[in-house]
Amino acid sequence: MGNVNDTSSRAADVLLSDGTTVHVRPIRADDADRIVALHSRFSERTRYLRYFSAYPRIPPRDLERFVNVDHHDREAFVVEHAGELIAVGRYERLGAGSHQAEVAFVVEDAHQGRGIGSVLIEHLVAAAGTEGITEFEADVLPVNQAMLRVFMAAGFRIEREFADGVVHLWFPIAATPDSLRVQRAREQQAEARSIGRLLNPRGVAVYGARADGTGIGAALLSHLKSAGFAGELIPVHPSATVVGGLPAVASLRGTAGVDLAVVAVPAEAVPGVVEDCAAAGVHGLVVVSAGFAESGRAGAGAQAALLRAVRSQGMRLVGPNCLGIANTDPGVRLNATLAPLLPRRGRVGFFSQSAALGTALLAEADRRGLGLSTFVSAGNRADVSGNDALQYWREDPHTDAVLLYLETFGNPRKFARIARELARRKPVTAVASPVRPPALDAVTVGPDARGVAALFASSGVIRVDTVAELFDVGLLIAGQPLPPGNRVAVVTNAAALGVLTVAKAPAAGLRVAAGYPRDLGPTVSDVDFVQAVHDALDDENVDAVVAAYAPALAEGDKLGVAELLRSSTAGSARPLAVVMPADPSFTVAPAYVDGDPPALPMFPAIEEAVRALGRVARYAAWRREPIGALPTALPGVDTAAGNTVATRLATSASSGDDVVADELLAAYGIPVVPSRPAAGAAVGTVAAELGYPVALKVATKPWRHRIDLGAVRLNLTSAALVQEAYEELERLFGRGVEVVVQPMVAPGVACVVEVVDDPSFGPVVGFGLGGEAADLLGDRAWRPVPLTDRDAAALVRAPRAAPLLTGYRGAAPVDLDALADLLLRIGRLVDEQPALSALSLNPVLARPTGLAVLHASAVFAGLPRPDQGPRRL
């Protein structure tokens, strides 16, 4: 039974289909007056459709029952907007102990058609599922087509029948692939619309612009004006009638058509601005003002209060302490940023969390000739985040590629999911977070430190280490086609540059195409050099071209070659990277004009060009791969049993402690070889009960599994051998040492399966071969959850030591399908158990037929992951 005294976890801010925020929470007894007020605003038709009668007033006895629920057998959610209740939904269990409940909801007429019904169903389903309810029923009048559509479009497997003038519906409330697809599609549309209203405003109000033209507010107003904003600009000033040459108002109240407010007033004055904006129907605020969470505990409290105030009025918040937002569309020309110039126009969406670096990032994009479609700087990221921007850019027809400068991930699991979906359509490049969990330290050590990059790549995100590399890759994905393979041609007028490319290509995952590098010599003419580049771009045995040009004399030689390449190679089916050494400041295409080719990817060094091409080639290879399918049926999986076990383990163990995971794995069809702890004289007794032959293993870390240190004794076939082995372990590890006694199983190749929470991707599954050498070299491959069939198949082949599984030096190949099936089951387990923070299966013995899991432990954090359950901000 749920905790009837604490339902706070069920409350959430949610976006409606039009991008407006509302607050959903369990009903309270003190909501009675507002429930009556809501009922009074219903039309006669709405009351009839909900209650099957006129029901003009709520009788006191009904009202008492409506607002007093136990949050277990009976639950009700209200939807709040601007201080009023605008909808209510409820379920009621059909009898004590029943797994069925009746569900109903009603929405105020003025707010119907905004997706509130679907939001209520999601939150009611989530609450009911925690209380042992598995099925909903509903009675709907046939004329209530809107409610019927809400139920039928939710993605559940709905049955219905018509009797006595009523449509009776019933459906299991367990999530289905269709219900998740519907929920996430609605989430994407709502979040995209909320950001779209900010980036495409009809009118912009500026708060904090001084009449004398000084200060940040005046600068913001000036930037909006000089960019040529296409809508109405309204300075808001308490006394001045003209600010920055524009008519000013003391308040927005009574003003229509303002969608966006840009705020640069002191932190203590921001709440008053929020009230003024709410009264005018503003959709969102860009708060440039500092003095919030970045300033300490008091500022964090002020920021939390600001967020509550903004969302309670249905608005979105960019910032606070941000650089601002921009849109280069000629029909908008919005520069609501502290950067003085609107970014050059292009087709790249750019998100920067940092306000301090934002201006420098925009300046660097301009210097490199990188054109942007839109720009968002979230600052403290109290509300609008990189995830929101990704949702917008997914469907934005003006954006072909995305760049991300992220310092932290607010909801890493959601980021991994939506980035993977977006990257199937448009390239996404991100500067990697420097924060790594201890459990992933191993993937960045040893001779191959590309484990983290591989993890990003598995989600389709091109991961880079520095801002410079972000722009290197950005220029390639902004204006060049994706390479169809990894064969690179080098055309150069300097032999040394060709030699460097040959040396650097393998480390980037590239191979030099046959017949290259092609050295044309230092006296080659511009025209002949450009023609040779064209020939390489047309070569069927080439996937990408590096044009490395070192001018012998004048700067003009370089400019001429670059302009010829830019104007003549547009439309090529293969990407071109241009290297012109010794001048990193050189750029091409100082302005972007519609219809002109975009700037060339220019690099001052071969190493940078090859590294960027390698990253883009890996992304292109990922995109060419089939998506794979999530397993819909895994024999032996009992999610309900898994939920019960996980709940018990999470509540009984201290957070961060290892717990035995055998029973949890059994619920997902993964048997673990039985084992029992013992010490002293009990070791012999346990061995006899399990049956010979047995193995003894020291149970204490760090000696567990350390056969090389003598902590494991195998194939003990009698009581005497067990006694002798235990005495040896006592001499090595201390008197009375605790051991694990386990029946012997057939030998196999030792493997390790791990799950950890990654700060960038949420839960990830790792696979590698066992042993200290593999641990030392960090030979683990990782994939984010959920795992598709292709993910699992690729994961077992990804470690460098994987040939040991496929018959290395005459050994019998192991059952790779059994390993892939194991990984799919682990992926399902992790996906369905949000309280799980770590899992280890070590060792797993892989054999020619099947496998055996010898040990499994888990760690529970006790807190659900943020991307589980119904939609919420």
# chains A, B, ... in the order shown; residues from 1 in each chain; ligands from 1
call {"tool": "select_by_dssp", "arguments": {"residues": "range 550-695 of chain A", "states": "strand (DSSP E)", "output": "number ranges by chain"}}
result
A: 576-579, 602-603, 658-660, 676-678, 694-695
call {"tool": "residues_around", "arguments": {"residues": "Asn842 in chain A", "least_positions_apart": "5", "cutoff": "7 Å", "atoms": "only C-alpha atoms", "output": "list in words"}}
result
Cys751, Val752, Val753, Leu854, His855 and Ala856 of chain A
call {"tool": "residues_around", "arguments": {"residues": "Glu80 in chain A", "least_positions_apart": "5", "cutoff": "7 Å", "atoms": "only C-alpha atoms", "output": "ChimeraX atom specification"}}
result
/A:22-24,85-86
call {"tool": "residues_around", "arguments": {"residues": "Ala573 in chain A", "least_positions_apart": "4", "cutoff": "9 Å", "atoms": "only C-alpha atoms", "output": "list in words"}}
result
Gln480, Pro481, Leu482, Pro483, Pro484, Leu537, Asp538 and Asp543 of chain A
call {"tool": "closest_residue", "arguments": {"among": "A:Phe42, A:Arg316, A:Ile35, A:His99", "to": "Phe66 in chain A", "atoms": "only C-alpha atoms"}}
result
A:Ile35
call {"tool": "residues_around", "arguments": {"residues": "range 813-830 of chain A", "least_positions_apart": "3", "cutoff": "7 Å", "atoms": "only C-alpha atoms", "output": "NGL selection string"}}
result
:A and (668 or 785-787 or 792-793 or 796 or 805-807 or 833-834 or 836 or 846-851)
call {"tool": "residues_around", "arguments": {"residues": "Arg184 in chain A", "least_positions_apart": "2", "cutoff": "12 Å", "atoms": "only C-alpha atoms", "output": "mmCIF file with C-alpha atoms, in the first residue's frame"}}
result
data_model
loop_
_atom_site.group_PDB
_atom_site.id
_atom_site.type_symbol
_atom_site.label_atom_id
_atom_site.label_comp_id
_atom_site.auth_asym_id
_atom_site.auth_seq_id
_atom_site.Cartn_x
_atom_site.Cartn_y
_atom_site.Cartn_z
ATOM 1 C CA SER A 118 -4.205 12.248 -21.840
ATOM 2 C CA VAL A 119 -2.037 13.774 -19.096
ATOM 3 C CA GLU A 122 -0.891 8.865 -17.606
ATOM 4 C CA ALA A 154 -3.603 6.318 -25.410
ATOM 5 C CA GLY A 155 -1.884 3.243 -26.833
ATOM 6 C CA PRO A 177 5.168 -0.268 -26.782
ATOM 7 C CA ASP A 178 2.276 1.684 -28.263
ATOM 8 C CA SER A 179 1.467 3.541 -25.026
ATOM 9 C CA LEU A 180 5.133 4.526 -24.600
ATOM 10 C CA ARG A 181 5.309 5.619 -28.223
ATOM 11 C CA VAL A 182 2.181 7.746 -27.845
ATOM 12 C CA ARG A 186 3.059 13.838 -27.139
ATOM 13 C CA GLU A 187 5.975 14.832 -24.922
ATOM 14 C CA GLN A 188 8.077 15.736 -27.960
ATOM 15 C CA GLN A 189 5.324 17.784 -29.573
ATOM 16 C CA ALA A 190 4.538 19.694 -26.385
ATOM 17 C CA GLU A 191 8.164 20.473 -25.593
ATOM 18 C CA ALA A 192 8.891 21.473 -29.191
ATOM 19 C CA GLN A 391 12.940 18.170 -28.997
ATOM 20 C CA LYS A 414 16.000 11.273 -21.354
ATOM 21 C CA ARG A 417 16.761 8.583 -25.587
ATOM 22 C CA ILE A 418 15.902 11.754 -27.459
ATOM 23 C CA GLU A 421 16.045 9.507 -31.885
ATOM 24 C CA ASP A 867 12.659 9.457 -17.126
ATOM 25 C CA GLN A 868 10.226 6.916 -15.731
ATOM 26 C CA GLY A 869 6.460 7.131 -15.480
ATOM 27 C CA PRO A 870 4.116 9.819 -16.765
ATOM 28 C CA ARG A 871 5.227 13.018 -18.462
ATOM 29 C CA ARG A 872 6.671 15.673 -16.199
#
call {"tool": "closest_residue", "arguments": {"among": "A:Ala852, A:Gly228, A:Pro142, A:Ala774", "to": "Asp164 in chain A", "atoms": "only C-alpha atoms"}}
result
A:Pro142
